[in-house]
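Participant: Pasting a structure below so you can have a look.
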Amino acid sequence: MNPLNSILGTIISGFVLAVIIVVVLGVSGFNLWSATVWLHVLAGITWIGLLYYFNFVQVPAVGKALAEADSGGPGPAAINKYVAPRALMWFRWGAVATWLTGASALESLGKNMYNIEGSGLVAAFTLQAPMTTIGIGAWLGTIMLFNVWVLIWPNQKKILGIVDASADQIASAKKVALMASRTNTLLSIPMLMCMIGHGHGPVSYT
């Protein structure tokens with residue numbers, strides 16, 4: 001049976017290969033910090049990748065499908081019925097997983113790498129040196145998580161017909177969801193810079 005025939009088999013195989021690499025190379029280079037960051041990056045790729053998909057692919061595609069619907073085009077029904085709900089499920093829960101693994105990574109970073117007394121998470125969110133840069137990234141990521149669950153998802157449910165809404169409510173929901181999504185796309189650029197910048201980016205500490 002080929003594991004690549006299913007997405008679950010593919011994912012499991014990826015984790016198995018990662019474990020094999022750890023065993024072959026030895027566990028000295030892998031610890032709780034690196035494991036947490038690894039899971040954080042995996043979740044973040046899922047979240048931000050889908051954010052970029054929505055903004056760069058799906059929204060323009062739906063707009064074009066709507067424009068061509070009156071001239072015999074297929075319209076956006078297939079995307080809205082089959083693609084969008086599944087993508088939004090991975091999107092919103094990827095955001096949660098990214099934030100939780102990021103919070104764990106911040107705690108580990110503060111204690112194990114910077115020897116901060118107290119909570120590394122609190123140090124980051126209160127922008128204490130040497131966690132100021134990554135703390136700004138954490139705040140941007142938190143704002144993005146808020147936008148996903150408070151602005152994007154509730155309005156997408158109206159747009160996709162998951163909850164009942166009038167035509168005016170749907171029109172308003174489209175605008176709010178789009179602006180929140182575009183805001184997250186904007187914030188993702190400095191957020192990612194700050195996430196890597198704490199180690200080798202705009203602010204350095206000796």
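Just so we're on the same page: first chain in the structure tokens is A, next is B, and so on; residues restart at 1 for each chain, and ligands are numbered from 1 in the order they show up.
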Name all residues at most 9 Å from A:Gly110 (count only C-alpha atoms; drop same-chain ones fewer than 3 positions away) and give them as a PyMOL selection string.
Facilitator: chain A and resi 105-107+113-121+123-124+130-131
Participant: Please dump the current selection as an mmCIF file, in the first residue's frame; keep all heavy atoms.
Facilitator:
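For reference, again-v9.cif as written:
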data_model
loop_
_atom_site.group_PDB
_atom_site.id
_atom_site.type_symbol
_atom_site.label_atom_id
_atom_site.label_comp_id
_atom_site.auth_asym_id
_atom_site.auth_seq_id
_atom_site.Cartn_x
_atom_site.Cartn_y
_atom_site.Cartn_z
ATOM 1 N N ALA A 105 6.908 27.767 22.584
ATOM 2 C CA ALA A 105 8.276 28.068 22.143
ATOM 3 C C ALA A 105 8.819 29.304 22.843
ATOM 4 O O ALA A 105 9.995 29.350 23.215
ATOM 5 C CB ALA A 105 8.305 28.259 20.627
ATOM 6 N N LEU A 106 7.985 30.320 23.045
ATOM 7 C CA LEU A 106 8.415 31.525 23.746
ATOM 8 C C LEU A 106 8.797 31.209 25.188
ATOM 9 O O LEU A 106 9.791 31.728 25.711
ATOM 10 C CB LEU A 106 7.311 32.582 23.721
ATOM 11 C CG LEU A 106 7.053 33.272 22.379
ATOM 12 C CD1 LEU A 106 5.811 34.152 22.470
ATOM 13 C CD2 LEU A 106 8.258 34.095 21.952
ATOM 14 N N GLU A 107 8.013 30.366 25.828
ATOM 15 C CA GLU A 107 8.315 29.976 27.200
ATOM 16 C C GLU A 107 9.660 29.259 27.270
ATOM 17 O O GLU A 107 10.507 29.554 28.125
ATOM 18 C CB GLU A 107 7.200 29.067 27.741
ATOM 19 C CG GLU A 107 7.263 28.809 29.218
ATOM 20 C CD GLU A 107 6.957 30.036 30.061
ATOM 21 O OE1 GLU A 107 6.288 30.969 29.564
ATOM 22 O OE2 GLU A 107 7.414 30.070 31.216
ATOM 23 N N MET A 113 17.191 29.516 26.670
ATOM 24 C CA MET A 113 18.191 30.167 25.838
ATOM 25 C C MET A 113 18.592 31.542 26.368
ATOM 26 O O MET A 113 19.723 31.962 26.215
ATOM 27 C CB MET A 113 17.683 30.286 24.393
ATOM 28 C CG MET A 113 17.443 28.939 23.724
ATOM 29 S SD MET A 113 17.028 29.073 21.965
ATOM 30 C CE MET A 113 18.585 29.616 21.283
ATOM 31 N N TYR A 114 17.643 32.265 26.992
ATOM 32 C CA TYR A 114 17.942 33.597 27.492
ATOM 33 C C TYR A 114 18.034 33.661 29.008
ATOM 34 O O TYR A 114 18.312 34.726 29.565
ATOM 35 C CB TYR A 114 16.896 34.592 26.990
ATOM 36 C CG TYR A 114 16.987 34.883 25.502
ATOM 37 C CD1 TYR A 114 15.842 35.069 24.739
ATOM 38 C CD2 TYR A 114 18.228 34.991 24.869
ATOM 39 C CE1 TYR A 114 15.921 35.353 23.385
ATOM 40 C CE2 TYR A 114 18.307 35.267 23.513
ATOM 41 C CZ TYR A 114 17.162 35.449 22.782
ATOM 42 O OH TYR A 114 17.245 35.726 21.443
ATOM 43 N N ASN A 115 17.740 32.533 29.672
ATOM 44 C CA ASN A 115 17.828 32.462 31.140
ATOM 45 C C ASN A 115 17.039 33.572 31.826
ATOM 46 O O ASN A 115 17.498 34.203 32.783
ATOM 47 C CB ASN A 115 19.296 32.520 31.590
ATOM 48 C CG ASN A 115 20.099 31.338 31.085
ATOM 49 O OD1 ASN A 115 19.632 30.195 31.123
ATOM 50 N ND2 ASN A 115 21.300 31.596 30.589
ATOM 51 N N ILE A 116 15.848 33.815 31.315
ATOM 52 C CA ILE A 116 14.986 34.846 31.899
ATOM 53 C C ILE A 116 14.333 34.302 33.164
ATOM 54 O O ILE A 116 13.859 33.164 33.191
ATOM 55 C CB ILE A 116 13.921 35.288 30.883
ATOM 56 C CG1 ILE A 116 14.575 36.106 29.775
ATOM 57 C CG2 ILE A 116 12.812 36.088 31.539
ATOM 58 C CD1 ILE A 116 13.639 36.524 28.672
ATOM 59 N N GLU A 117 14.326 35.091 34.208
ATOM 60 C CA GLU A 117 13.636 34.704 35.426
ATOM 61 C C GLU A 117 12.137 34.891 35.217
ATOM 62 O O GLU A 117 11.682 35.927 34.761
ATOM 63 C CB GLU A 117 14.117 35.554 36.606
ATOM 64 C CG GLU A 117 15.576 35.322 36.977
ATOM 65 C CD GLU A 117 15.981 36.111 38.203
ATOM 66 O OE1 GLU A 117 15.101 36.749 38.820
ATOM 67 O OE2 GLU A 117 17.181 36.107 38.532
ATOM 68 N N GLY A 118 11.384 33.881 35.585
ATOM 69 C CA GLY A 118 9.947 33.958 35.384
ATOM 70 C C GLY A 118 9.544 33.396 34.029
ATOM 71 O O GLY A 118 10.236 32.578 33.439
ATOM 72 N N SER A 119 8.432 33.868 33.520
ATOM 73 C CA SER A 119 7.840 33.322 32.302
ATOM 74 C C SER A 119 8.428 33.948 31.043
ATOM 75 O O SER A 119 8.452 35.174 30.900
ATOM 76 C CB SER A 119 6.324 33.547 32.324
ATOM 77 O OG SER A 119 5.745 33.253 31.075
ATOM 78 N N GLY A 120 8.903 33.099 30.135
ATOM 79 C CA GLY A 120 9.367 33.589 28.844
ATOM 80 C C GLY A 120 8.232 34.167 28.028
ATOM 81 O O GLY A 120 8.415 35.141 27.284
ATOM 82 N N LEU A 121 7.039 33.586 28.173
ATOM 83 C CA LEU A 121 5.866 34.083 27.450
ATOM 84 C C LEU A 121 5.523 35.493 27.895
ATOM 85 O O LEU A 121 5.275 36.388 27.057
ATOM 86 C CB LEU A 121 4.681 33.144 27.683
ATOM 87 C CG LEU A 121 3.368 33.497 26.984
ATOM 88 C CD1 LEU A 121 3.528 33.437 25.476
ATOM 89 C CD2 LEU A 121 2.245 32.577 27.449
ATOM 90 N N ALA A 123 7.568 37.606 29.326
ATOM 91 C CA ALA A 123 8.670 38.478 28.909
ATOM 92 C C ALA A 123 8.507 38.916 27.463
ATOM 93 O O ALA A 123 8.766 40.071 27.111
ATOM 94 C CB ALA A 123 10.001 37.756 29.104
ATOM 95 N N ALA A 124 8.070 37.990 26.616
ATOM 96 C CA ALA A 124 7.877 38.321 25.206
ATOM 97 C C ALA A 124 6.730 39.313 25.024
ATOM 98 O O ALA A 124 6.874 40.324 24.318
ATOM 99 C CB ALA A 124 7.619 37.053 24.401
ATOM 100 N N PRO A 130 15.920 40.252 26.275
ATOM 101 C CA PRO A 130 16.236 40.303 24.844
ATOM 102 C C PRO A 130 15.130 39.715 23.955
ATOM 103 O O PRO A 130 15.410 39.234 22.867
ATOM 104 C CB PRO A 130 17.492 39.441 24.762
ATOM 105 C CG PRO A 130 17.254 38.391 25.807
ATOM 106 C CD PRO A 130 16.497 39.068 26.929
ATOM 107 N N MET A 131 13.880 39.751 24.413
ATOM 108 C CA MET A 131 12.779 39.139 23.670
ATOM 109 C C MET A 131 11.863 40.181 23.045
ATOM 110 O O MET A 131 10.729 39.889 22.683
ATOM 111 C CB MET A 131 11.993 38.191 24.584
ATOM 112 C CG MET A 131 12.838 37.052 25.129
ATOM 113 S SD MET A 131 11.904 35.836 26.080
ATOM 114 C CE MET A 131 10.914 35.050 24.813
#
Participant: Can you list, as a count of residues only, every residue of stretch 75-104 of chain A that DSSP puts in alpha helix (DSSP H)?
Facilitator: 23
Participant: Might you pull out every residue within 7 Å of stretch 76-82 of chain A, with only C-alpha atoms counted and same-chain residues fewer than 2 positions away left off, and present them as a compact mmCIF listing (two decimals) with N, CA, C and O atoms, in the first residue's frame?
Facilitator:
# COMPACT_ATOMS: atom_id res chain seq x y z
N VAL A 62 -12.64 33.56 -7.43
CA VAL A 62 -14.07 33.70 -7.22
C VAL A 62 -14.58 34.97 -7.90
O VAL A 62 -15.66 34.98 -8.51
N ALA A 65 -14.85 34.19 -11.50
CA ALA A 65 -15.97 33.28 -11.73
C ALA A 65 -17.30 34.01 -11.66
O ALA A 65 -18.22 33.75 -12.46
N LEU A 66 -17.44 34.94 -10.73
CA LEU A 66 -18.66 35.74 -10.64
C LEU A 66 -18.84 36.60 -11.87
O LEU A 66 -19.95 36.75 -12.39
N PRO A 74 -18.85 28.83 -15.09
CA PRO A 74 -19.33 27.92 -14.05
C PRO A 74 -19.75 28.62 -12.76
O PRO A 74 -20.47 28.03 -11.95
N ALA A 84 -13.79 26.06 -0.12
CA ALA A 84 -13.67 27.07 0.93
C ALA A 84 -13.93 26.53 2.33
O ALA A 84 -13.15 26.83 3.25
N PRO A 85 -15.00 25.77 2.57
CA PRO A 85 -15.22 25.29 3.95
C PRO A 85 -14.06 24.43 4.48
O PRO A 85 -13.66 24.57 5.63
N ARG A 86 -13.53 23.55 3.63
CA ARG A 86 -12.41 22.71 4.07
C ARG A 86 -11.16 23.56 4.31
O ARG A 86 -10.44 23.37 5.30
N LEU A 160 -20.78 31.85 3.02
CA LEU A 160 -20.90 30.49 2.48
C LEU A 160 -22.25 29.85 2.75
O LEU A 160 -22.49 28.71 2.35
Participant: Determine the nearest neighbour of A:Thr46 from the options A:Ile170, A:Leu25, A:Ala67, A:Ala95, counting only C-alpha atoms.
Facilitator: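 Smallest separation from A:Thr46 among the options: A:Ala95.
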Participant: Find the residues around A:Trp153 up to 9 Å (only C-alpha atoms counted), leave out those fewer than 5 positions away in its own chain, and share them as a list in words.
Facilitator: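 Everything that qualifies: Leu88, Arg92, Asn147, Val148, Lys158 and Ala177 of chain A.
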Participant: Distance atom CA of A:Ile152-atom CA of A:Met179, one decimal place?
Facilitator: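 Pair atom CA of A:Ile152 / atom CA of A:Met179 returns 8.9 Å.
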Participant: Choose the residue, out of A:Leu8, A:Val122, A:Ala167, A:Ile162, that has the smallest atom-to-atom separation from A:Ser108; count only C-alpha atoms.
Facilitator: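 Closest residue, counting only C-alpha atoms: A:Val122.
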Participant: Kindly indicate which residue among A:Ala43, A:Val22, A:Ile11, A:Met191 lies nearest to A:Thr133, using only C-alpha atoms for the distances.
Facilitator: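 With only C-alpha atoms as the atom set, the closest residue is A:Met191.
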Participant: Taking 6 positions as the minimum chain separation for residues in the same chain, which residues sit within 12 Å of A:Asp168 when counting only C-alpha atoms? Answer as an mmCIF file with N, CA and C atoms, in the first residue's frame.
Facilitator:
data_model
loop_
_atom_site.group_PDB
_atom_site.id
_atom_site.type_symbol
_atom_site.label_atom_id
_atom_site.label_comp_id
_atom_site.auth_asym_id
_atom_site.auth_seq_id
_atom_site.Cartn_x
_atom_site.Cartn_y
_atom_site.Cartn_z
ATOM 1 N N LYS A 158 -21.464 33.449 7.024
ATOM 2 C CA LYS A 158 -22.580 34.125 6.342
ATOM 3 C C LYS A 158 -22.409 34.042 4.827
ATOM 4 N N ILE A 159 -21.187 34.273 4.360
ATOM 5 C CA ILE A 159 -20.919 34.271 2.924
ATOM 6 C C ILE A 159 -21.180 32.906 2.312
ATOM 7 N N LYS A 174 -18.808 40.163 3.397
ATOM 8 C CA LYS A 174 -17.736 40.039 2.395
ATOM 9 C C LYS A 174 -16.687 41.126 2.592
ATOM 10 N N LYS A 175 -17.149 42.331 2.861
ATOM 11 C CA LYS A 175 -16.216 43.450 3.028
ATOM 12 C C LYS A 175 -15.382 43.275 4.295
#
